[in-house]
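K.L.:
My structure is in start.cif, and what it holds is mmCIF, C-alpha atoms:
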```
data_input
loop_
_atom_site.group_PDB
_atom_site.id
_atom_site.type_symbol
_atom_site.label_atom_id
_atom_site.label_comp_id
_atom_site.auth_asym_id
_atom_site.auth_seq_id
_atom_site.Cartn_x
_atom_site.Cartn_y
_atom_site.Cartn_z
ATOM 1 C CA MET A 1 -64.822 16.839 51.161
ATOM 2 C CA THR A 2 -63.483 19.694 53.251
ATOM 3 C CA ASP A 3 -64.998 23.077 53.895
ATOM 4 C CA GLU A 4 -62.439 25.814 53.136
ATOM 5 C CA ARG A 5 -64.076 27.987 55.776
ATOM 6 C CA VAL A 6 -62.407 25.814 58.428
ATOM 7 C CA LEU A 7 -58.685 25.171 58.072
ATOM 8 C CA MET A 8 -56.347 22.797 59.879
ATOM 9 C CA GLU A 9 -52.570 22.708 59.948
ATOM 10 C CA ARG A 10 -50.174 20.592 62.003
ATOM 11 C CA GLU A 11 -46.634 21.104 63.225
ATOM 12 C CA PRO A 12 -45.448 17.598 64.141
ATOM 13 C CA GLU A 13 -42.108 18.890 65.457
ATOM 14 C CA SER A 14 -43.824 21.138 68.036
ATOM 15 C CA GLY A 15 -46.889 18.947 68.637
ATOM 16 C CA ILE A 16 -49.214 21.875 67.902
ATOM 17 C CA ALA A 17 -52.181 21.784 65.535
ATOM 18 C CA ARG A 18 -54.121 24.892 64.554
ATOM 19 C CA ILE A 19 -57.771 24.940 63.586
ATOM 20 C CA THR A 20 -58.809 28.239 62.043
ATOM 21 C CA ILE A 21 -62.331 29.482 61.397
ATOM 22 C CA ASN A 22 -61.877 31.146 58.021
ATOM 23 C CA ASN A 23 -65.059 33.125 57.418
ATOM 24 C CA ALA A 24 -63.883 36.680 58.124
ATOM 25 C CA GLN A 25 -66.459 38.337 55.857
ATOM 26 C CA ARG A 26 -69.119 36.990 58.275
ATOM 27 C CA ARG A 27 -66.923 37.706 61.328
ATOM 28 C CA ASN A 28 -66.204 33.963 61.524
ATOM 29 C CA SER A 29 -69.787 32.986 62.162
ATOM 30 C CA TYR A 30 -70.356 29.320 61.425
ATOM 31 C CA ASP A 31 -73.097 27.134 60.018
ATOM 32 C CA PRO A 32 -73.709 23.380 60.438
ATOM 33 C CA PRO A 33 -71.263 22.288 57.685
ATOM 34 C CA MET A 34 -68.530 24.409 59.282
ATOM 35 C CA ARG A 35 -69.262 22.991 62.737
ATOM 36 C CA ASP A 36 -69.176 19.476 61.271
ATOM 37 C CA GLN A 37 -65.801 20.211 59.635
ATOM 38 C CA LEU A 38 -64.473 21.574 62.927
ATOM 39 C CA ALA A 39 -65.666 18.420 64.710
ATOM 40 C CA ALA A 40 -64.083 16.190 62.040
ATOM 41 C CA TYR A 41 -60.726 17.944 62.454
ATOM 42 C CA LEU A 42 -60.952 17.626 66.234
ATOM 43 C CA ASP A 43 -61.722 13.899 65.909
ATOM 44 C CA GLU A 44 -58.781 13.433 63.535
ATOM 45 C CA LEU A 45 -56.391 15.272 65.867
ATOM 46 C CA ALA A 46 -57.622 13.344 68.924
ATOM 47 C CA ASP A 47 -56.253 10.170 67.288
ATOM 48 C CA ASP A 48 -52.934 11.767 66.260
ATOM 49 C CA ASP A 49 -50.242 10.853 68.798
ATOM 50 C CA ASP A 50 -47.939 13.590 67.454
ATOM 51 C CA THR A 51 -50.443 16.319 68.331
ATOM 52 C CA LYS A 52 -50.365 17.455 71.967
ATOM 53 C CA VAL A 53 -52.067 20.861 71.747
ATOM 54 C CA VAL A 54 -54.896 22.178 69.557
ATOM 55 C CA LEU A 55 -55.045 25.933 69.037
ATOM 56 C CA LEU A 56 -58.458 27.293 68.010
ATOM 57 C CA ARG A 57 -58.536 30.673 66.292
ATOM 58 C CA GLY A 58 -60.273 32.847 63.717
ATOM 59 C CA THR A 59 -59.119 34.954 60.775
ATOM 60 C CA GLY A 60 -59.419 38.651 60.046
ATOM 61 C CA GLY A 61 -59.150 39.834 63.650
ATOM 62 C CA TYR A 62 -62.222 37.915 64.890
ATOM 63 C CA PHE A 63 -62.436 34.735 66.913
ATOM 64 C CA SER A 64 -66.078 33.936 66.104
ATOM 65 C CA SER A 65 -69.399 35.711 66.184
ATOM 66 C CA GLY A 66 -71.068 32.330 66.758
ATOM 67 C CA ALA A 67 -73.799 30.622 64.801
ATOM 68 C CA ASP A 68 -74.713 32.278 61.513
ATOM 69 C CA MET A 69 -78.249 33.463 62.201
ATOM 70 C CA ARG A 70 -79.025 34.815 58.712
ATOM 71 C CA ASN A 71 -81.444 31.929 58.463
ATOM 72 C CA ALA A 72 -82.000 30.542 61.940
ATOM 73 C CA TYR A 73 -84.297 27.787 60.707
ATOM 74 C CA GLY A 74 -81.739 26.892 58.035
ATOM 75 C CA TRP A 75 -79.880 25.052 60.795
ATOM 76 C CA TYR A 76 -82.866 22.736 61.031
ATOM 77 C CA GLY A 77 -83.559 22.223 57.346
ATOM 78 C CA GLU A 78 -86.588 23.257 55.380
ATOM 79 C CA GLY A 79 -90.056 22.613 56.715
ATOM 80 C CA THR A 80 -91.877 19.993 54.706
ATOM 81 C CA ASP A 81 -95.495 20.355 55.721
ATOM 82 C CA GLN A 82 -97.601 22.430 53.346
ATOM 83 C CA THR A 83 -100.616 24.457 54.449
ATOM 84 C CA PRO A 84 -102.975 26.716 52.467
ATOM 85 C CA HIS A 85 -102.011 30.368 52.673
ATOM 86 C CA SER A 86 -104.942 32.499 53.830
ATOM 87 C CA ASN A 87 -105.552 36.079 52.771
ATOM 88 C CA GLY A 88 -107.038 36.805 56.181
ATOM 89 C CA ASP A 89 -110.567 37.129 54.790
ATOM 90 C CA GLY A 90 -111.320 33.426 54.694
ATOM 91 C CA SER A 91 -110.084 32.999 51.129
ATOM 92 C CA THR A 92 -106.821 31.560 49.881
ATOM 93 C CA THR A 93 -104.388 33.150 47.478
ATOM 94 C CA GLY A 94 -105.069 32.635 43.757
ATOM 95 C CA ASN A 95 -106.751 29.338 42.965
ATOM 96 C CA GLY A 96 -106.514 28.087 46.524
ATOM 97 C CA LYS A 97 -103.469 25.950 45.752
ATOM 98 C CA THR A 98 -100.812 28.409 46.901
ATOM 99 C CA THR A 99 -99.074 27.078 49.970
ATOM 100 C CA ARG A 100 -96.362 28.149 52.361
ATOM 101 C CA ARG A 101 -93.793 26.135 54.241
ATOM 102 C CA ARG A 102 -94.215 25.522 57.924
ATOM 103 C CA ARG A 103 -91.235 25.767 60.197
ATOM 104 C CA PRO A 104 -89.377 22.515 60.863
ATOM 105 C CA SER A 105 -90.933 20.258 63.471
ATOM 106 C CA GLN A 106 -89.947 20.483 67.112
ATOM 107 C CA ARG A 107 -88.601 16.927 66.856
ATOM 108 C CA ARG A 108 -86.219 17.954 64.067
ATOM 109 C CA ARG A 109 -85.160 21.125 65.892
ATOM 110 C CA LEU A 110 -84.437 19.159 69.082
ATOM 111 C CA ALA A 111 -82.403 16.563 67.172
ATOM 112 C CA VAL A 112 -80.244 19.314 65.650
ATOM 113 C CA ASP A 113 -79.898 21.049 69.022
ATOM 114 C CA ARG A 114 -78.763 17.779 70.615
ATOM 115 C CA ARG A 115 -76.018 17.444 67.973
ATOM 116 C CA THR A 116 -74.942 21.024 68.676
ATOM 117 C CA PHE A 117 -74.825 20.436 72.436
ATOM 118 C CA ALA A 118 -72.932 17.173 71.860
ATOM 119 C CA PHE A 119 -70.276 19.144 69.929
ATOM 120 C CA TYR A 120 -69.739 21.496 72.888
ATOM 121 C CA HIS A 121 -69.785 18.595 75.345
ATOM 122 C CA GLU A 122 -67.136 16.722 73.336
ATOM 123 C CA LEU A 123 -65.000 19.866 73.129
ATOM 124 C CA LEU A 124 -65.254 20.303 76.898
ATOM 125 C CA GLY A 125 -63.957 16.750 77.455
ATOM 126 C CA TYR A 126 -61.466 16.804 74.575
ATOM 127 C CA PRO A 127 -58.466 14.514 75.220
ATOM 128 C CA LYS A 128 -55.804 17.049 74.124
ATOM 129 C CA ALA A 129 -54.945 20.450 75.536
ATOM 130 C CA THR A 130 -57.006 23.131 73.775
ATOM 131 C CA ILE A 131 -56.195 26.826 73.599
ATOM 132 C CA ALA A 132 -58.583 29.446 72.241
ATOM 133 C CA GLN A 133 -56.758 32.420 70.706
ATOM 134 C CA VAL A 134 -59.521 34.972 71.187
ATOM 135 C CA GLU A 135 -59.392 38.345 69.479
ATOM 136 C CA GLY A 136 -62.087 40.684 68.270
ATOM 137 C CA LEU A 137 -65.497 39.081 68.701
ATOM 138 C CA ALA A 138 -66.373 35.992 70.710
ATOM 139 C CA LEU A 139 -70.170 35.911 70.714
ATOM 140 C CA GLY A 140 -72.805 33.199 71.132
ATOM 141 C CA GLY A 141 -71.411 29.849 70.032
ATOM 142 C CA GLY A 142 -67.990 31.446 69.491
ATOM 143 C CA PHE A 143 -67.959 32.427 73.157
ATOM 144 C CA GLU A 144 -69.036 28.886 74.063
ATOM 145 C CA ILE A 145 -66.114 27.444 72.077
ATOM 146 C CA ALA A 146 -63.753 29.791 73.948
ATOM 147 C CA LEU A 147 -65.283 28.701 77.266
ATOM 148 C CA MET A 148 -64.886 24.992 76.428
ATOM 149 C CA ALA A 149 -61.158 25.394 75.674
ATOM 150 C CA ASP A 150 -58.735 24.526 78.454
ATOM 151 C CA ILE A 151 -57.080 27.938 78.136
ATOM 152 C CA ALA A 152 -58.359 31.117 76.505
ATOM 153 C CA VAL A 153 -55.767 33.721 75.587
ATOM 154 C CA VAL A 154 -57.774 36.887 75.136
ATOM 155 C CA GLY A 155 -56.545 39.929 73.223
ATOM 156 C CA GLU A 156 -56.998 43.477 74.431
ATOM 157 C CA ASN A 157 -59.339 44.180 71.490
ATOM 158 C CA THR A 158 -61.832 41.492 72.535
#
```
Can you turn what I pasted into structure tokens?
P.N.:
Amino acid sequence: MTDERVLMEREPESGIARITINNAQRRNSYDPPMRDQLAAYLDELADDDDTKVVLLRGTGGYFSSGADMRNAYGWYGEGTDQTPHSNGDGSTTGNGKTTRRRRPSQRRRLAVDRRTFAFYHELLGYPKATIAQVEGLALGGGFEIALMADIAVVGENT
């Protein structure tokens, strides 16, 4: 299953493939499924002998504003441990059975962070020439993607 927020097209006659972050309404911020789709396309193109160059770009006048931080812990999944919710006066809400979710464990957060760092590491050592077509915003992880490319062509509006 592909994520339509990341697009890939190939031109076998020129040897160029284009991967486009297609999330302009969020200034091409990305979440874990988008990053996984980007990685899957990169893996597929690495094995394609007809592809010599991979162009990375965004839509709507933005390269990428990086990781979508609307729900920072959403990257790590939901916390599973339940704890009683205190009213601050020693009592608990309602019948004492109301609970709240704890943030995901450090172990889970580190595992996700390692996968994220592995993505950047693999992009840095990618076996094909990579070009980042940077326009508009290149923030956070978007800036890191631009830095990992072999060449970054940066627009005046960036």
K.L.:
Counting all atoms listed in the file, which of A:Thr20, A:Thr2, A:Gln106, A:Asn157 gets nearest to Tyr76 of chain A?
P.N.:
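Result for the nearest residue to Tyr76 of chain A: A:Gln106.
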K.L.:
Suppose you want the space between atom CA of Thr116 of chain A and atom CA of Gly15 of chain A; what is it in Å?
P.N.:
28.1 Å
K.L.:
Between A:Met34, A:Ala67, A:Leu56, A:Ile145, which is the closest to Asp3 of chain A once you count only C-alpha atoms?
P.N.:
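Comparing A:Met34, A:Ala67, A:Leu56, A:Ile145 against Asp3 of chain A, the winner is A:Met34.
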K.L.:
Please, which residues are within 9 Å of (-71.6, 34.1, 65.0) by the file's coordinates, counting only C-alpha atoms, and could they come as a ChimeraX atom specification?
P.N.:
/A:26-31,64-69,137-142
K.L.:
Could you tell me how far atom CA of Asp49 of chain A lies from atom CA of Gln133 of chain A, in Å and to one decimal?
P.N.:
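These atoms are spaced 22.6 Å apart.
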K.L.:
Extract, using all atoms listed in the file, all DNA, RNA and protein residues at most 7 Å from segment 21-24 of chain A, discarding same-chain residues fewer than 3 positions from it, and format them as a ChimeraX atom specification.
P.N.:
/A:5-7,27-29,57-60
K.L.:
For the structure shown, which residues end up in the PyMOL selection byres ((chain A and resi 10) around 10)? Put them as a list in words, please?
P.N.:
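Selected by the PyMOL selection byres ((chain A and resi 10) around 10) in this file: Met8, Glu9, Glu11, Pro12, Glu13, Ser14, Gly15, Ile16, Ala17, Arg18, Ile19, Leu45, Asp50, Thr51, Val53 and Val54 of chain A.
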K.L.:
With 8 Å as the threshold, what does the neighbourhood of (-60.5, 27.1, 77.8) contain in terms of residues, counting only C-alpha atoms? Coordinates are those of the file; answer as a ChimeraX atom specification.
P.N.:
/A:130-132,146-152
K.L.:
Find the distance between atom CA of Glu156 of chain A and atom CA of Lys52 of chain A and write it in Å to one decimal.
P.N.:
27.0 Å
K.L.:
Box in all listed atoms of segment 131-150 of chain A, axis-aligned, with 3 Å more on each side; write out centre and edge lengths in Å to one decimal as lines of an AutoDock Vina configuration file.
P.N.:
```
center_x = -64.5
center_y = 32.6
center_z = 73.4
size_x = 22.6
size_y = 22.2
size_z = 16.2
```
K.L.:
Counting all atoms listed in the file, figure out which residue out of A:Lys128, A:Arg114, A:Arg107, A:Arg102 gets nearest to Asp47 of chain A.
P.N.:
A:Lys128
K.L.:
Between A:Asp113, A:Asp48, A:Glu135, A:Asp43, which is the closest to Phe63 of chain A once you count all atoms listed in the file?
P.N.:
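Going through A:Asp113, A:Asp48, A:Glu135, A:Asp43 one by one, the smallest distance to Phe63 of chain A is for A:Glu135.
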K.L.:
Rebuild segment 112-133 of chain A to N, CA, C and O atoms - output it as a PDB file, keeping the file's coordinate frame, please.
P.N.:
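The result, written out as selection.pdb:
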```
ATOM      1  N   VAL A 112     -81.368  18.460  66.045  1.00  0.00           N
ATOM      2  CA  VAL A 112     -80.244  19.314  65.650  1.00  0.00           C
ATOM      3  C   VAL A 112     -79.608  19.953  66.873  1.00  0.00           C
ATOM      4  O   VAL A 112     -78.386  20.000  67.006  1.00  0.00           O
ATOM      5  N   ASP A 113     -80.423  20.430  67.800  1.00  0.00           N
ATOM      6  CA  ASP A 113     -79.898  21.049  69.022  1.00  0.00           C
ATOM      7  C   ASP A 113     -79.087  20.044  69.835  1.00  0.00           C
ATOM      8  O   ASP A 113     -78.048  20.389  70.400  1.00  0.00           O
ATOM      9  N   ARG A 114     -79.525  18.803  69.888  1.00  0.00           N
ATOM     10  CA  ARG A 114     -78.763  17.779  70.615  1.00  0.00           C
ATOM     11  C   ARG A 114     -77.392  17.572  69.984  1.00  0.00           C
ATOM     12  O   ARG A 114     -76.398  17.403  70.679  1.00  0.00           O
ATOM     13  N   ARG A 115     -77.320  17.568  68.645  1.00  0.00           N
ATOM     14  CA  ARG A 115     -76.018  17.444  67.973  1.00  0.00           C
ATOM     15  C   ARG A 115     -75.130  18.640  68.303  1.00  0.00           C
ATOM     16  O   ARG A 115     -73.923  18.488  68.516  1.00  0.00           O
ATOM     17  N   THR A 116     -75.709  19.826  68.341  1.00  0.00           N
ATOM     18  CA  THR A 116     -74.942  21.024  68.676  1.00  0.00           C
ATOM     19  C   THR A 116     -74.405  20.930  70.094  1.00  0.00           C
ATOM     20  O   THR A 116     -73.232  21.181  70.345  1.00  0.00           O
ATOM     21  N   PHE A 117     -75.265  20.555  71.046  1.00  0.00           N
ATOM     22  CA  PHE A 117     -74.825  20.436  72.436  1.00  0.00           C
ATOM     23  C   PHE A 117     -73.787  19.338  72.582  1.00  0.00           C
ATOM     24  O   PHE A 117     -72.848  19.456  73.379  1.00  0.00           O
ATOM     25  N   ALA A 118     -73.915  18.260  71.809  1.00  0.00           N
ATOM     26  CA  ALA A 118     -72.932  17.173  71.860  1.00  0.00           C
ATOM     27  C   ALA A 118     -71.567  17.683  71.398  1.00  0.00           C
ATOM     28  O   ALA A 118     -70.536  17.296  71.956  1.00  0.00           O
ATOM     29  N   PHE A 119     -71.545  18.567  70.385  1.00  0.00           N
ATOM     30  CA  PHE A 119     -70.276  19.144  69.929  1.00  0.00           C
ATOM     31  C   PHE A 119     -69.597  19.881  71.075  1.00  0.00           C
ATOM     32  O   PHE A 119     -68.405  19.680  71.339  1.00  0.00           O
ATOM     33  N   TYR A 120     -70.327  20.745  71.777  1.00  0.00           N
ATOM     34  CA  TYR A 120     -69.739  21.496  72.888  1.00  0.00           C
ATOM     35  C   TYR A 120     -69.306  20.559  74.014  1.00  0.00           C
ATOM     36  O   TYR A 120     -68.258  20.743  74.621  1.00  0.00           O
ATOM     37  N   HIS A 121     -70.116  19.558  74.292  1.00  0.00           N
ATOM     38  CA  HIS A 121     -69.785  18.595  75.345  1.00  0.00           C
ATOM     39  C   HIS A 121     -68.492  17.857  75.011  1.00  0.00           C
ATOM     40  O   HIS A 121     -67.630  17.669  75.870  1.00  0.00           O
ATOM     41  N   GLU A 122     -68.353  17.421  73.749  1.00  0.00           N
ATOM     42  CA  GLU A 122     -67.136  16.722  73.336  1.00  0.00           C
ATOM     43  C   GLU A 122     -65.927  17.644  73.382  1.00  0.00           C
ATOM     44  O   GLU A 122     -64.831  17.216  73.743  1.00  0.00           O
ATOM     45  N   LEU A 123     -66.102  18.917  73.039  1.00  0.00           N
ATOM     46  CA  LEU A 123     -65.000  19.866  73.129  1.00  0.00           C
ATOM     47  C   LEU A 123     -64.594  20.070  74.588  1.00  0.00           C
ATOM     48  O   LEU A 123     -63.396  20.141  74.899  1.00  0.00           O
ATOM     49  N   LEU A 124     -65.557  20.130  75.477  1.00  0.00           N
ATOM     50  CA  LEU A 124     -65.254  20.303  76.898  1.00  0.00           C
ATOM     51  C   LEU A 124     -64.419  19.141  77.439  1.00  0.00           C
ATOM     52  O   LEU A 124     -63.500  19.335  78.224  1.00  0.00           O
ATOM     53  N   GLY A 125     -64.699  17.922  76.994  1.00  0.00           N
ATOM     54  CA  GLY A 125     -63.957  16.750  77.455  1.00  0.00           C
ATOM     55  C   GLY A 125     -62.898  16.286  76.483  1.00  0.00           C
ATOM     56  O   GLY A 125     -62.494  15.123  76.511  1.00  0.00           O
ATOM     57  N   TYR A 126     -62.414  17.177  75.620  1.00  0.00           N
ATOM     58  CA  TYR A 126     -61.466  16.804  74.575  1.00  0.00           C
ATOM     59  C   TYR A 126     -60.180  16.247  75.186  1.00  0.00           C
ATOM     60  O   TYR A 126     -59.673  16.776  76.175  1.00  0.00           O
ATOM     61  N   PRO A 127     -59.613  15.186  74.598  1.00  0.00           N
ATOM     62  CA  PRO A 127     -58.466  14.514  75.220  1.00  0.00           C
ATOM     63  C   PRO A 127     -57.110  15.213  75.048  1.00  0.00           C
ATOM     64  O   PRO A 127     -56.118  14.763  75.612  1.00  0.00           O
ATOM     65  N   LYS A 128     -57.047  16.292  74.300  1.00  0.00           N
ATOM     66  CA  LYS A 128     -55.804  17.049  74.124  1.00  0.00           C
ATOM     67  C   LYS A 128     -55.981  18.428  74.747  1.00  0.00           C
ATOM     68  O   LYS A 128     -57.104  18.894  74.953  1.00  0.00           O
ATOM     69  N   ALA A 129     -54.874  19.080  75.034  1.00  0.00           N
ATOM     70  CA  ALA A 129     -54.945  20.450  75.536  1.00  0.00           C
ATOM     71  C   ALA A 129     -55.473  21.353  74.423  1.00  0.00           C
ATOM     72  O   ALA A 129     -55.035  21.256  73.276  1.00  0.00           O
ATOM     73  N   THR A 130     -56.444  22.198  74.752  1.00  0.00           N
ATOM     74  CA  THR A 130     -57.006  23.131  73.775  1.00  0.00           C
ATOM     75  C   THR A 130     -56.782  24.565  74.252  1.00  0.00           C
ATOM     76  O   THR A 130     -56.929  24.868  75.443  1.00  0.00           O
ATOM     77  N   ILE A 131     -56.413  25.408  73.312  1.00  0.00           N
ATOM     78  CA  ILE A 131     -56.195  26.826  73.599  1.00  0.00           C
ATOM     79  C   ILE A 131     -57.015  27.624  72.604  1.00  0.00           C
ATOM     80  O   ILE A 131     -56.925  27.409  71.392  1.00  0.00           O
ATOM     81  N   ALA A 132     -57.828  28.539  73.101  1.00  0.00           N
ATOM     82  CA  ALA A 132     -58.583  29.446  72.241  1.00  0.00           C
ATOM     83  C   ALA A 132     -57.807  30.754  72.157  1.00  0.00           C
ATOM     84  O   ALA A 132     -57.532  31.380  73.184  1.00  0.00           O
ATOM     85  N   GLN A 133     -57.423  31.146  70.959  1.00  0.00           N
ATOM     86  CA  GLN A 133     -56.758  32.420  70.706  1.00  0.00           C
ATOM     87  C   GLN A 133     -57.857  33.410  70.348  1.00  0.00           C
ATOM     88  O   GLN A 133     -58.292  33.482  69.205  1.00  0.00           O
TER      89      GLN A 133
END
```
